[in-house]
Every structure is written in C-alpha cells, then in structure tokens.
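Structure file upload-v8.txt; described as compact mmCIF, C-alpha atoms and all ligand atoms.
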```txt
# COMPACT_ATOMS: atom_id res chain seq x y z
CA MET A 1 -25.09 16.17 -0.78
CA LYS A 2 -23.77 13.76 1.81
CA ARG A 3 -20.05 14.46 1.55
CA LEU A 4 -18.29 17.55 2.86
CA TYR A 5 -14.82 18.90 2.14
CA ILE A 6 -13.35 21.69 4.28
CA HIS A 7 -10.28 23.48 2.96
CA ILE A 8 -7.86 24.96 5.49
CA PRO A 9 -5.40 27.07 3.50
CA PHE A 10 -2.65 27.59 6.10
CA CYS A 11 0.82 25.98 6.22
CA ALA A 12 3.89 26.42 8.41
CA SER A 13 5.99 27.25 5.31
CA LYS A 14 5.85 26.76 1.55
CA CYS A 15 7.26 23.52 0.11
CA GLY A 16 9.42 23.90 -2.99
CA TYR A 17 7.20 21.92 -5.36
CA CYS A 18 3.84 23.17 -4.16
CA ALA A 19 1.48 25.45 -6.01
CA PHE A 20 -1.68 24.60 -4.06
CA TYR A 21 -3.40 27.59 -2.65
CA SER A 22 -1.85 27.92 0.81
CA ILE A 23 -0.72 30.75 3.04
CA PRO A 24 2.60 30.19 4.86
CA ALA A 25 2.99 31.23 8.51
CA ALA A 26 -0.31 33.14 8.75
CA GLY A 27 -0.88 35.22 11.89
CA GLY A 28 -3.73 34.97 14.39
CA GLU A 29 -5.80 37.80 12.91
CA ILE A 30 -6.03 36.25 9.44
CA ILE A 31 -6.83 32.85 10.91
CA GLU A 32 -9.56 34.37 13.07
CA LYS A 33 -11.20 35.98 10.02
CA TYR A 34 -11.03 32.67 8.17
CA LEU A 35 -12.56 30.75 11.10
CA ARG A 36 -15.42 33.20 11.48
CA ARG A 37 -16.40 32.90 7.82
CA LEU A 38 -15.90 29.12 7.89
CA CYS A 39 -18.25 28.73 10.83
CA ARG A 40 -20.84 30.97 9.12
CA GLU A 41 -20.54 28.89 5.95
CA LEU A 42 -20.95 25.64 7.88
CA GLU A 43 -24.17 27.01 9.32
CA LYS A 44 -25.51 28.41 6.04
CA LYS A 45 -24.60 25.54 3.73
CA SER A 46 -25.68 22.73 6.05
CA ARG A 47 -29.16 23.12 4.55
CA THR A 48 -27.88 21.85 1.20
CA CYS A 49 -26.74 18.56 2.75
CA GLY A 50 -28.44 15.49 4.14
CA GLU A 51 -26.87 13.25 6.73
CA LEU A 52 -23.14 13.24 6.03
CA GLU A 53 -21.42 9.98 5.19
CA SER A 54 -17.93 11.44 4.93
CA VAL A 55 -16.06 14.59 5.85
CA TYR A 56 -12.57 15.40 4.58
CA VAL A 57 -10.58 18.25 6.11
CA GLY A 58 -7.69 19.07 3.79
CA GLY A 59 -5.32 21.88 2.97
CA GLY A 60 -2.88 23.46 3.25
CA THR A 61 -2.02 21.92 6.57
CA PRO A 62 -5.09 21.66 8.82
CA SER A 63 -2.85 20.61 11.73
CA PHE A 64 -1.06 23.98 11.52
CA LEU A 65 -4.07 25.48 13.36
CA ALA A 66 -4.01 25.72 17.16
CA ALA A 67 -5.81 22.99 19.13
CA GLU A 68 -8.65 25.34 20.13
CA ASP A 69 -9.16 26.41 16.50
CA ILE A 70 -9.35 22.79 15.36
CA GLU A 71 -11.87 22.15 18.12
CA ARG A 72 -13.92 25.16 17.03
CA ILE A 73 -14.24 23.77 13.49
CA PHE A 74 -15.42 20.34 14.64
CA THR A 75 -17.82 21.88 17.15
CA ALA A 76 -19.35 23.98 14.34
CA LEU A 77 -19.46 20.94 12.08
CA LYS A 78 -21.27 18.80 14.64
CA ALA A 79 -23.63 21.64 15.62
CA ASN A 80 -24.80 22.17 12.05
CA PHE A 81 -24.64 18.80 10.29
CA SER A 82 -25.95 15.43 11.17
CA LEU A 83 -23.33 12.71 10.73
CA SER A 84 -24.15 9.09 9.94
CA ASN A 85 -23.10 6.49 12.53
CA ASN A 86 -20.15 5.33 10.48
CA CYS A 87 -19.32 8.72 8.94
CA GLU A 88 -15.66 8.71 7.83
CA ILE A 89 -14.00 11.88 9.14
CA SER A 90 -10.51 12.41 7.71
CA ILE A 91 -8.00 15.15 8.35
CA GLU A 92 -4.64 15.89 6.73
CA CYS A 93 -1.80 16.49 9.17
CA ASN A 94 1.87 17.22 8.86
CA PRO A 95 3.39 15.29 11.80
CA GLU A 96 5.78 18.09 12.84
CA THR A 97 2.87 20.50 13.40
CA LEU A 98 1.13 18.20 15.90
CA ASN A 99 1.43 18.26 19.68
CA ASP A 100 -0.29 16.43 22.56
CA GLU A 101 -3.13 18.94 22.76
CA LYS A 102 -3.93 18.82 19.04
CA ILE A 103 -3.75 15.02 19.00
CA SER A 104 -6.12 14.89 21.93
CA VAL A 105 -8.66 17.17 20.14
CA LEU A 106 -8.29 15.24 16.87
CA SER A 107 -8.69 11.88 18.58
CA ARG A 108 -12.13 13.03 19.77
CA SER A 109 -13.08 14.58 16.43
CA VAL A 110 -11.92 12.36 13.54
CA ASN A 111 -11.55 8.68 12.75
CA ARG A 112 -8.97 8.86 9.96
CA VAL A 113 -5.67 10.77 9.75
CA SER A 114 -3.68 11.30 6.58
CA PHE A 115 -0.04 12.26 7.19
CA GLY A 116 1.98 14.31 4.72
CA VAL A 117 5.34 12.50 4.87
CA GLN A 118 6.57 12.69 1.22
CA SER A 119 9.89 11.01 2.04
CA PHE A 120 11.55 9.42 5.08
CA ASN A 121 14.96 10.25 3.63
CA GLU A 122 16.52 13.45 5.01
CA ARG A 123 18.25 14.25 1.71
CA PHE A 124 15.02 14.20 -0.29
CA ARG A 125 12.97 15.92 2.40
CA LYS A 126 15.45 18.78 2.16
CA ILE A 127 15.13 18.98 -1.65
CA LEU A 128 11.34 19.15 -1.30
CA GLY A 129 11.58 21.78 1.43
CA ARG A 130 9.81 19.62 4.02
CA LYS A 131 10.14 20.49 7.72
CA GLY A 132 10.31 18.02 10.59
CA SER A 133 11.61 14.46 10.59
CA PRO A 134 10.30 10.87 10.50
CA GLU A 135 10.49 10.83 14.33
CA ASN A 136 7.58 13.29 14.37
CA LEU A 137 5.44 10.69 12.59
CA TYR A 138 6.51 8.00 15.03
CA THR A 139 5.54 10.15 18.05
CA ALA A 140 2.22 11.25 16.52
CA LEU A 141 1.21 7.69 15.61
CA GLU A 142 2.04 6.47 19.09
CA LEU A 143 -0.13 9.13 20.70
CA PHE A 144 -3.06 8.63 18.31
CA ARG A 145 -2.89 4.88 18.87
CA LYS A 146 -2.87 5.37 22.63
CA ASN A 147 -6.10 7.32 22.15
CA GLY A 148 -7.65 4.44 20.22
CA LEU A 149 -7.23 5.66 16.59
CA GLU A 150 -6.02 3.13 14.02
CA ASN A 151 -7.02 4.42 10.58
CA PHE A 152 -3.92 6.14 9.14
CA SER A 153 -2.67 7.05 5.70
CA CYS A 154 0.67 8.46 4.56
CA ASP A 155 1.54 10.47 1.44
CA LEU A 156 4.83 9.68 -0.29
CA ILE A 157 6.36 11.32 -3.36
CA HIS A 158 8.49 9.53 -5.95
CA GLY A 159 10.54 10.94 -8.81
CA ILE A 160 12.40 13.42 -6.59
CA PRO A 161 15.60 14.78 -8.22
CA GLY A 162 18.47 12.34 -7.57
CA GLN A 163 16.16 9.65 -6.21
CA THR A 164 16.78 6.09 -7.44
CA THR A 165 14.30 3.23 -7.44
CA GLU A 166 16.24 1.75 -4.49
CA ASP A 167 15.87 5.02 -2.57
CA TYR A 168 12.13 4.97 -3.15
CA ALA A 169 11.94 1.27 -2.19
CA GLY A 170 13.61 2.33 1.09
CA ASP A 171 10.78 4.82 1.69
CA LEU A 172 8.17 2.13 1.05
CA GLU A 173 9.87 -0.27 3.45
CA LYS A 174 10.01 2.43 6.10
CA PHE A 175 6.30 3.15 5.52
CA LEU A 176 5.49 -0.53 6.19
CA GLN A 177 7.32 -0.36 9.53
CA PHE A 178 4.76 2.20 10.73
CA ASN A 179 1.95 -0.31 10.13
CA CYS A 180 -0.40 2.16 8.41
CA LYS A 181 -3.05 0.67 6.13
CA HIS A 182 -3.26 3.31 3.41
CA LEU A 183 -0.72 5.03 1.19
CA SER A 184 -1.02 7.76 -1.43
CA SER A 185 2.01 7.77 -3.71
CA TYR A 186 2.37 10.70 -6.08
CA SER A 187 4.85 11.34 -8.80
CA LEU A 188 6.63 14.66 -8.26
CA THR A 189 5.29 17.37 -10.51
CA PHE A 190 6.32 20.99 -10.28
CA GLU A 191 3.32 23.22 -10.58
CA GLU A 192 4.10 26.29 -12.64
CA ALA A 193 3.97 28.69 -9.74
CA SER A 194 6.17 26.59 -7.44
CA ARG A 195 9.75 27.46 -6.48
CA MET A 196 11.20 24.25 -7.95
CA SER A 197 9.60 24.87 -11.36
CA LYS A 198 11.87 27.90 -11.72
CA GLU A 199 15.05 26.01 -10.85
CA ASN A 200 17.08 23.95 -13.25
CA ILE A 201 16.18 20.59 -11.76
CA ILE A 202 16.63 17.18 -13.36
CA THR A 203 14.07 14.58 -12.36
CA PRO A 204 14.40 10.79 -12.95
CA ASP A 205 13.79 9.61 -16.54
CA PRO A 206 10.36 8.15 -17.47
CA GLU A 207 11.59 4.51 -17.23
CA THR A 208 12.87 5.04 -13.68
CA GLU A 209 9.59 6.81 -12.85
CA MET A 210 7.66 3.79 -14.10
CA GLU A 211 9.91 1.43 -12.10
CA MET A 212 9.08 3.44 -8.97
CA TRP A 213 5.35 3.38 -9.81
CA ARG A 214 5.52 -0.43 -10.05
CA LYS A 215 7.72 -0.74 -6.94
CA ASN A 216 4.67 0.36 -4.95
CA ASP A 217 2.73 -2.77 -5.98
CA GLU A 218 5.70 -5.07 -5.40
CA ILE A 219 6.61 -3.88 -1.90
CA LEU A 220 3.16 -3.02 -0.54
CA SER A 221 1.75 -6.42 -1.51
CA ILE A 222 4.00 -7.91 1.22
CA ALA A 223 1.62 -6.27 3.72
CA LYS A 224 -1.51 -7.07 1.64
CA ILE A 225 -1.83 -3.40 0.72
CA LYS A 226 -3.11 -3.13 -2.82
CA ARG A 227 -3.47 -0.41 -5.41
CA TYR A 228 -7.11 0.66 -5.77
CA GLU A 229 -6.58 3.93 -7.69
CA VAL A 230 -3.82 5.35 -9.89
CA SER A 231 -1.97 6.72 -6.85
CA ASN A 232 -3.71 5.10 -3.88
CA PHE A 233 -3.16 1.83 -2.01
CA ALA A 234 -5.01 0.25 0.89
CA ALA A 235 -5.42 -2.91 2.92
CA GLU A 236 -8.87 -4.40 2.38
CA GLY A 237 -11.51 -2.16 3.95
CA SER A 238 -9.10 0.76 4.50
CA GLU A 239 -9.78 2.65 1.26
CA CYS A 240 -10.63 6.35 1.65
CA VAL A 241 -14.43 6.23 1.28
CA HIS A 242 -14.68 9.99 0.71
CA ASN A 243 -12.31 10.07 -2.26
CA LEU A 244 -13.52 6.77 -3.69
CA GLU A 245 -17.14 7.95 -3.84
CA ILE A 246 -16.13 11.26 -5.36
CA TRP A 247 -14.13 9.48 -8.10
CA PHE A 248 -17.39 7.61 -8.74
CA GLY A 249 -19.26 10.86 -9.29
CA ASP A 250 -20.92 11.35 -5.91
CA ARG A 251 -22.07 14.84 -4.95
CA TYR A 252 -20.12 16.85 -2.42
CA LEU A 253 -20.00 20.26 -0.85
CA GLY A 254 -16.68 22.08 -0.53
CA ILE A 255 -16.18 24.95 1.90
CA GLY A 256 -13.12 27.23 2.02
CA PRO A 257 -10.93 29.07 -0.49
CA SER A 258 -10.33 27.01 -3.67
CA ALA A 259 -12.75 24.27 -2.53
CA SER A 260 -14.87 22.65 -5.24
CA SER A 261 -18.44 21.37 -4.98
CA PHE A 262 -20.55 19.16 -7.22
CA ASP A 263 -24.34 18.92 -7.04
CA GLY A 264 -24.80 16.10 -9.58
CA LYS A 265 -25.00 18.51 -12.51
CA ASN A 266 -22.62 21.40 -12.10
CA ARG A 267 -19.29 21.94 -10.41
CA TRP A 268 -18.20 25.21 -8.85
CA THR A 269 -14.96 26.26 -7.23
CA GLU A 270 -14.53 28.93 -4.59
CA LYS A 271 -12.00 31.64 -5.33
CA ALA A 272 -8.44 30.53 -4.58
CA GLY A 273 -7.59 33.61 -2.54
CA LEU A 274 -8.40 34.24 1.10
CA GLU A 275 -9.32 37.90 0.55
CA GLU A 276 -11.72 37.04 -2.28
CA TRP A 277 -13.24 34.22 -0.26
CA LEU A 278 -13.64 36.45 2.82
CA ASN A 279 -15.32 39.04 0.59
CA GLU A 280 -17.77 36.35 -0.49
CA GLU A 281 -16.91 36.66 -4.17
CA GLU A 282 -18.89 34.38 -6.45
CA PRO A 283 -17.29 30.99 -7.15
CA ASP A 284 -16.19 29.98 -10.68
CA ARG A 285 -18.88 27.81 -12.23
CA ASP A 286 -18.16 24.90 -14.53
CA ILE A 287 -21.45 24.45 -16.38
CA ILE A 288 -21.29 21.81 -19.11
CA PRO A 289 -23.84 19.63 -20.97
CA ALA A 290 -25.16 16.61 -19.04
CA GLU A 291 -23.62 14.10 -21.47
CA ARG A 292 -20.15 15.57 -21.13
CA ARG A 293 -20.46 15.61 -17.34
CA ALA A 294 -21.49 11.93 -17.46
CA ALA A 295 -18.45 11.16 -19.64
CA GLU A 296 -16.21 12.81 -17.02
CA ILE A 297 -17.84 10.77 -14.26
CA LEU A 298 -17.39 7.56 -16.25
CA ALA A 299 -13.70 8.28 -16.94
CA PHE A 300 -12.92 9.29 -13.35
CA GLY A 301 -14.43 6.08 -11.95
CA LEU A 302 -11.97 4.27 -14.24
CA ARG A 303 -9.05 5.81 -12.33
CA THR A 304 -9.79 3.08 -9.80
CA LEU A 305 -9.62 -0.71 -9.94
CA LYS A 306 -13.18 -0.92 -8.60
CA PRO A 307 -15.83 -1.71 -11.19
CA TRP A 308 -18.63 0.47 -12.45
CA THR A 309 -22.05 -1.19 -12.69
CA ASN A 310 -24.60 0.26 -15.07
CA GLU A 311 -27.00 0.88 -12.13
CA LYS A 312 -24.40 2.85 -10.20
CA PHE A 313 -23.41 4.83 -13.29
CA ARG A 314 -27.08 5.56 -14.07
CA GLU A 315 -27.68 6.68 -10.49
CA ARG A 316 -24.62 9.00 -10.49
CA SER A 317 -24.88 10.39 -14.04
CA GLY A 318 -28.34 9.74 -15.51
CA PHE A 319 -26.79 7.78 -18.43
CA TYR A 320 -25.93 4.15 -19.29
CA PHE A 321 -22.44 3.03 -20.44
CA GLN A 322 -23.88 2.07 -23.83
CA GLN A 323 -23.79 5.74 -24.76
CA TRP A 324 -19.97 5.32 -25.05
CA GLU A 325 -20.04 1.81 -26.51
CA LYS A 326 -17.70 2.54 -29.43
CA ALA A 327 -15.05 4.14 -27.22
CA LEU A 328 -15.34 1.41 -24.58
CA CYS A 329 -14.96 -1.39 -27.16
CA GLU A 330 -11.81 0.29 -28.49
CA LEU A 331 -10.41 0.65 -24.97
CA GLU A 332 -11.16 -3.01 -24.29
CA ARG A 333 -9.32 -4.04 -27.46
CA GLU A 334 -6.34 -1.98 -26.30
CA GLY A 335 -6.38 -3.85 -22.97
CA LEU A 336 -7.09 -0.71 -20.93
CA ILE A 337 -10.48 -1.84 -19.56
CA THR A 338 -12.52 -5.02 -19.26
CA MET A 339 -16.28 -5.45 -19.60
CA SER A 340 -17.93 -8.63 -18.37
CA ASN A 341 -21.02 -9.67 -16.39
CA GLY A 342 -22.24 -6.07 -16.37
CA LEU A 343 -19.04 -4.81 -14.76
CA LEU A 344 -16.82 -2.23 -16.37
CA GLU A 345 -13.36 -1.80 -14.90
CA SER A 346 -9.86 -0.58 -15.63
CA THR A 347 -6.90 -2.91 -15.97
CA MET A 348 -3.49 -2.12 -14.50
CA LYS A 349 -2.48 -1.00 -18.00
CA GLY A 350 -5.56 1.24 -17.97
CA LEU A 351 -4.32 2.97 -14.83
CA ILE A 352 -0.90 3.58 -16.41
CA PHE A 353 -2.50 4.98 -19.56
CA TRP A 354 -5.51 6.56 -17.88
CA ASN A 355 -5.06 9.70 -20.00
CA ASN A 356 -5.90 7.60 -23.07
CA ILE A 357 -9.09 6.39 -21.38
CA ALA A 358 -10.10 9.92 -20.47
CA GLU A 359 -9.34 11.25 -23.93
CA LYS A 360 -11.36 8.58 -25.67
CA ILE A 361 -14.38 8.86 -23.38
CA ILE A 362 -14.52 12.58 -22.77
CA ASN A 363 -13.72 13.89 -26.23
S1 LIG B 401 2.81 20.68 -0.06
FE1 LIG B 401 1.29 20.72 1.58
S2 LIG B 401 2.44 21.43 3.38
FE2 LIG B 401 3.70 21.94 1.61
S3 LIG B 401 3.11 24.07 1.11
FE3 LIG B 401 1.83 22.70 -0.15
S4 LIG B 401 -0.06 22.44 1.01
FE4 LIG B 401 1.51 23.23 2.43
```

Would you write out, as structure tokens, the structure that this file holds?
Amino acid sequence: MKRLYIHIPFCASKCGYCAFYSIPAAGGEIIEKYLRRLCRELEKKSRTCGELESVYVGGGTPSFLAAEDIERIFTALKANFSLSNNCEISIECNPETLNDEKISVLSRSVNRVSFGVQSFNERFRKILGRKGSPENLYTALELFRKNGLENFSCDLIHGIPGQTTEDYAGDLEKFLQFNCKHLSSYSLTFEEASRMSKENIITPDPETEMEMWRKNDEILSIAKIKRYEVSNFAAEGSECVHNLEIWFGDRYLGIGPSASSFDGKNRWTEKAGLEEWLNEEEPDRDIIPAERRAAEILAFGLRTLKPWTNEKFRERSGFYFQQWEKALCELEREGLITMSNGLLESTMKGLIFWNNIAEKIIN
C-alpha cells in the first residue's frame, strides 16, 4: 500500500447535520490515549506499506488538536514511513481552530490543506451549527501563504434549508475571492443520527438542488476550475491525488477509529468508537468475490471525469472492462458514459445519474 489515511476523531463541537464518528470537546486524557495508540499503529502498520505517495489526515477536525500533538503525529509518520519526493500530504482543518503555532507546525508538515467552510453566509453557518467566521479562513490562508503553502481546498455545502440558488452562487463567488484551486461541494444530507435529521426541516426542492449543482460549473469555470468528480472541482494539476487514486481502486491503509483500508482484495473498517479502537477490537471485514470487487472499482472510477484505460483497470482489479460489456453498452446508449479509443469515461449526465451507473455495473 502506498497511500495512508489517518483519522482524527475529535471536534470542537458537533455540527447539526453531522453523523460522522467524532467526539466533541474531548479532554487531554482521552486525546493522550488516542495519540499513544495512533503512534503505536503507525509503527506497527508501516511494514504493510511501501514508499508513500499520499497521506490524508482527516476527521473529525484534525486541527482541533494542540500544535504539539499535531507535531507528534507527523514526527511518528516520518519516523516510520518513507515518503516519496512528491508525496501529497493533506490535512483537514476548520479555520477557527487554527492559531499561529498550529499553522507553523502544519506548514512544515503538509503540502495541502483542506478547509471545512461549508458556507460563508452567517445565516446558513448558524443553521448548520458551524463555529467561527469567514475571517478565520482569511487569516489562516494569509499565514499559510506567508509560510510558502499554496495548495488549498475548501468544502462548501449546498441545499441548506432556506438557501436559494443565488445564495449559493454568493458562496461560490466568495470562494473565488480566496484564490484557492480546489473545491469540494456537497449536497446537504442529514445522516440519521444527526441533530437536524430529528428536526422538522425543509430543504430546497430537487430542481433547486440541481440548479445549485450546475451553478458550481458555471461560476467556477470563470477561474478555470473544473469538475473532475461528482462533488469535486480543481484547477488543472490541483486535483486531490489521494482521493483520485482511491476512486480508481488504489490500495490504502487507514489508521484510527472508523478508518477503512483496502489491500486490493478486501476492505476492512476499524470500529467507529474510540473505546473499541483503543481496546484493539477487530475491524469489520468486507470480504466479497473478486468480480464484485472489480465491479465496485469500475463504478467508483466512473464517479470522475477522468477516463479508465483497460490497462489501469486490469492493474487495479485483475479484470478487463469487457466482463461488463452488456452493461457498459447500455450505459453508453443512455448517454451516461462514452467508450472510444480504449478509454472509458463518464459524461456529465453520468455524474448526475451515477447511481444508475453503479446499479447497472455492480448488480
Ligand atoms: S461536520 Fe466536521 S467539524 Fe462538524 S462535527 Fe462533523 S466532523 Fe466535526
């Protein structure tokens, strides 16, 4: 495995829509226990990896940790793994949890920062239960840039209750002012266990949702930022290599509660509970026949606008596309994919109706 994901499950507080595994406002003792096991895991599991080509530190809110704790993780990472010269090292940060000290540690440790913004509009930030303000992003970016970092992404959410397409367009325009080269734009979904799922909340209708989805392409193209996955946009060369390769079925190791790993055949997911993870409980294993796994890999690559080649698919899955010829021809007739010159790729319509692609290929 040459890709590593580290899950940091701590957050300052719980957002209203979130059902990810995360622990709000954890104290020092819990964090210390987590860090000890994490460092042990980094040492133990490094043997299963070759030289790393990408590392992604996600959460939770990794930037909730203190500067010295963040430093400890990257010291353990660098002591146990060898990193390729151009290894992409990403971390997720919520701007309001950053300070000078953390930014200084991160500037020495990573080369890509993904900011959880969700909305620049105070009204919608409040509905989502987000802390901080857009000024925090401005300050953080300024400091990172002073330290020589330039590779930034922001997360935005659309489809927030009461939000109009114009409101969302305002968020996109604000995003462009920050001159970041990557955006992840997600449609608001309330996970079952989240606070908002229990409230009587009306979200925008499906047509408005679709208008917002398309607004991304319209506004971001002004800055030559293009969609390359259902929810992800980048200027040329600024795509997230880690996620892109994983969508194309690459192997990866995940460390931390609720982190998944994939060794080319099987996937396993660590228990989504800190206690269970600290007690080293066995992960949940997703063992399925090779052909079904290959079908999943094929379908997930088609979440992007990058093409599959047969060689790449064979290398990642052990199969050729021809195995799914009937399904692929049907999808091509429906205008969801194209196949020409040995390249298989999704169309924009394919991204909108990706569930149909997945259903046809996987089932
Ligand atoms: S949305 Fe992000 S910051 Fe908010 S509770 Fe969930 S993991 Fe934490």

Residues within 9 Å of ligand LIG 401 (chain B) should be enumerated using all atoms listed in the file and returned as a count of residues only.
28

Which residues, written as a PyMOL selection string, have at least one atom at most 7 Å from A:Val113, with all atoms listed in the file counted and residues fewer than 5 positions away on the same chain left out?
chain A and resi 90-93+151-153

Compile a residue-level contact table for stretch 73-97 of chain A against stretch 133-144 of chain A at a cut-off of 9 Å, reporting for every qualifying residue the shortest atom pair and its distance in Å to one decimal, with all atoms listed in the file counted, rows ordered by chain and ascending number, as JSON lines.
```
{"residue": "A:Asn94", "atom": "CA", "partner": "A:Leu137", "partner_atom": "CA", "distance": 8.3}
{"residue": "A:Pro95", "atom": "CA", "partner": "A:Leu137", "partner_atom": "CA", "distance": 5.1}
{"residue": "A:Glu96", "atom": "CA", "partner": "A:Asn136", "partner_atom": "CA", "distance": 5.3}
{"residue": "A:Thr97", "atom": "CA", "partner": "A:Asn136", "partner_atom": "CA", "distance": 8.7}
```

So that I can check the surroundings of stretch 238-255 of chain A, please list as a list in words every protein, DNA and RNA residue that reaches within 7 Å of it, counting only C-alpha atoms and ignoring chain neighbours fewer than 5 positions away.
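Near stretch 238-255 of chain A, the qualifying residues are Met1, Lys2, Arg3, Leu4, Tyr5, Ile6, His7, Ser54, Tyr56, Lys181, His182, Ser260, Ser261, Phe262, Asp263, Gly264, Ile297, Phe300, Gly301 and Arg316 of chain A.
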
Pull the closest atom pair for each residue of stretch 124-192 of chain A that gets at most 6 Å from stretch 213-232 of chain A, along with the distance in Å to one decimal, counting only C-alpha atoms, ordering rows by chain and then ascending residue number, as a Markdown table.
```
| residue | atom | partner | partner_atom | distance |
| --- | --- | --- | --- | --- |
| A:Leu183 | CA | A:Asn232 | CA | 5.9 |
| A:Ser184 | CA | A:Asn232 | CA | 4.5 |
| A:Ser185 | CA | A:Ser231 | CA | 5.2 |
| A:Tyr186 | CA | A:Ser231 | CA | 5.9 |
```

Take atom CA of A:Ser114 and atom CA of A:Cys154 and report the distance between them in Å, one decimal.
5.6 Å

Between A:Gly50, A:Gly318, A:Gly342, A:Gly27, which has the minimum distance to A:Leu83 (counting only C-alpha atoms)?
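Checking each of A:Gly50, A:Gly318, A:Gly342, A:Gly27 against A:Leu83, counting only C-alpha atoms, the winner is A:Gly50.
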
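With all atoms listed in the file as the atoms that count, the residue of A:Leu298, A:Ala235, A:Ile89, A:Leu278 with the shortest distance to A:Gly256 is A:Leu278.
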
Length of the atom CA of A:Phe233 to atom CA of A:Phe64 vector [Å]
26.0 Å

Missing atoms in stretch 182-190 of chain A: can you complete it with all heavy atoms, as a short mmCIF file (atom, residue, chain, number, x, y, z; two decimals), keeping the file's coordinate frame?
```cif
data_model
loop_
_atom_site.label_atom_id
_atom_site.label_comp_id
_atom_site.auth_asym_id
_atom_site.auth_seq_id
_atom_site.Cartn_x
_atom_site.Cartn_y
_atom_site.Cartn_z
N HIS A 182 -2.93 2.58 4.65
CA HIS A 182 -3.26 3.31 3.41
C HIS A 182 -2.08 4.16 2.99
O HIS A 182 -1.41 4.78 3.84
CB HIS A 182 -4.48 4.21 3.66
CG HIS A 182 -5.04 4.84 2.41
ND1 HIS A 182 -4.45 5.92 1.79
CD2 HIS A 182 -6.12 4.52 1.67
CE1 HIS A 182 -5.16 6.24 0.72
NE2 HIS A 182 -6.18 5.41 0.63
N LEU A 183 -1.81 4.18 1.70
CA LEU A 183 -0.72 5.03 1.19
C LEU A 183 -1.18 5.75 -0.07
O LEU A 183 -1.82 5.15 -0.94
CB LEU A 183 0.50 4.17 0.83
CG LEU A 183 1.65 4.95 0.19
CD1 LEU A 183 2.46 5.71 1.25
CD2 LEU A 183 2.60 4.05 -0.59
N SER A 184 -0.86 7.03 -0.17
CA SER A 184 -1.02 7.76 -1.43
C SER A 184 0.39 8.03 -1.93
O SER A 184 1.21 8.58 -1.19
CB SER A 184 -1.75 9.09 -1.22
OG SER A 184 -3.02 8.85 -0.67
N SER A 185 0.65 7.62 -3.17
CA SER A 185 2.01 7.77 -3.71
C SER A 185 1.93 8.59 -5.00
O SER A 185 1.35 8.14 -5.98
CB SER A 185 2.59 6.38 -4.01
OG SER A 185 3.71 6.51 -4.85
N TYR A 186 2.47 9.79 -4.93
CA TYR A 186 2.37 10.70 -6.08
C TYR A 186 3.71 10.88 -6.74
O TYR A 186 4.75 10.91 -6.08
CB TYR A 186 1.85 12.08 -5.62
CG TYR A 186 0.50 11.99 -4.96
CD1 TYR A 186 0.36 12.13 -3.59
CD2 TYR A 186 -0.64 11.73 -5.72
CE1 TYR A 186 -0.88 12.02 -2.97
CE2 TYR A 186 -1.89 11.62 -5.12
CZ TYR A 186 -2.00 11.77 -3.74
OH TYR A 186 -3.23 11.65 -3.15
N SER A 187 3.64 11.03 -8.05
CA SER A 187 4.85 11.34 -8.80
C SER A 187 5.10 12.85 -8.67
O SER A 187 4.15 13.64 -8.75
CB SER A 187 4.59 10.93 -10.24
OG SER A 187 5.52 11.51 -11.07
N LEU A 188 6.34 13.24 -8.46
CA LEU A 188 6.63 14.66 -8.26
C LEU A 188 6.35 15.46 -9.53
O LEU A 188 6.86 15.15 -10.60
CB LEU A 188 8.09 14.85 -7.86
CG LEU A 188 8.52 16.31 -7.63
CD1 LEU A 188 7.76 16.92 -6.46
CD2 LEU A 188 10.01 16.41 -7.38
N THR A 189 5.50 16.44 -9.39
CA THR A 189 5.29 17.37 -10.51
C THR A 189 5.50 18.77 -9.96
O THR A 189 5.12 19.05 -8.82
CB THR A 189 3.86 17.28 -11.08
OG1 THR A 189 2.95 17.28 -9.97
CG2 THR A 189 3.62 16.05 -11.91
N PHE A 190 6.13 19.60 -10.74
CA PHE A 190 6.32 20.99 -10.28
C PHE A 190 5.21 21.82 -10.90
O PHE A 190 5.15 21.95 -12.12
CB PHE A 190 7.64 21.58 -10.76
CG PHE A 190 8.82 20.71 -10.46
CD1 PHE A 190 9.64 20.29 -11.48
CD2 PHE A 190 9.10 20.32 -9.17
CE1 PHE A 190 10.73 19.49 -11.22
CE2 PHE A 190 10.18 19.52 -8.90
CZ PHE A 190 11.01 19.10 -9.92
#
```
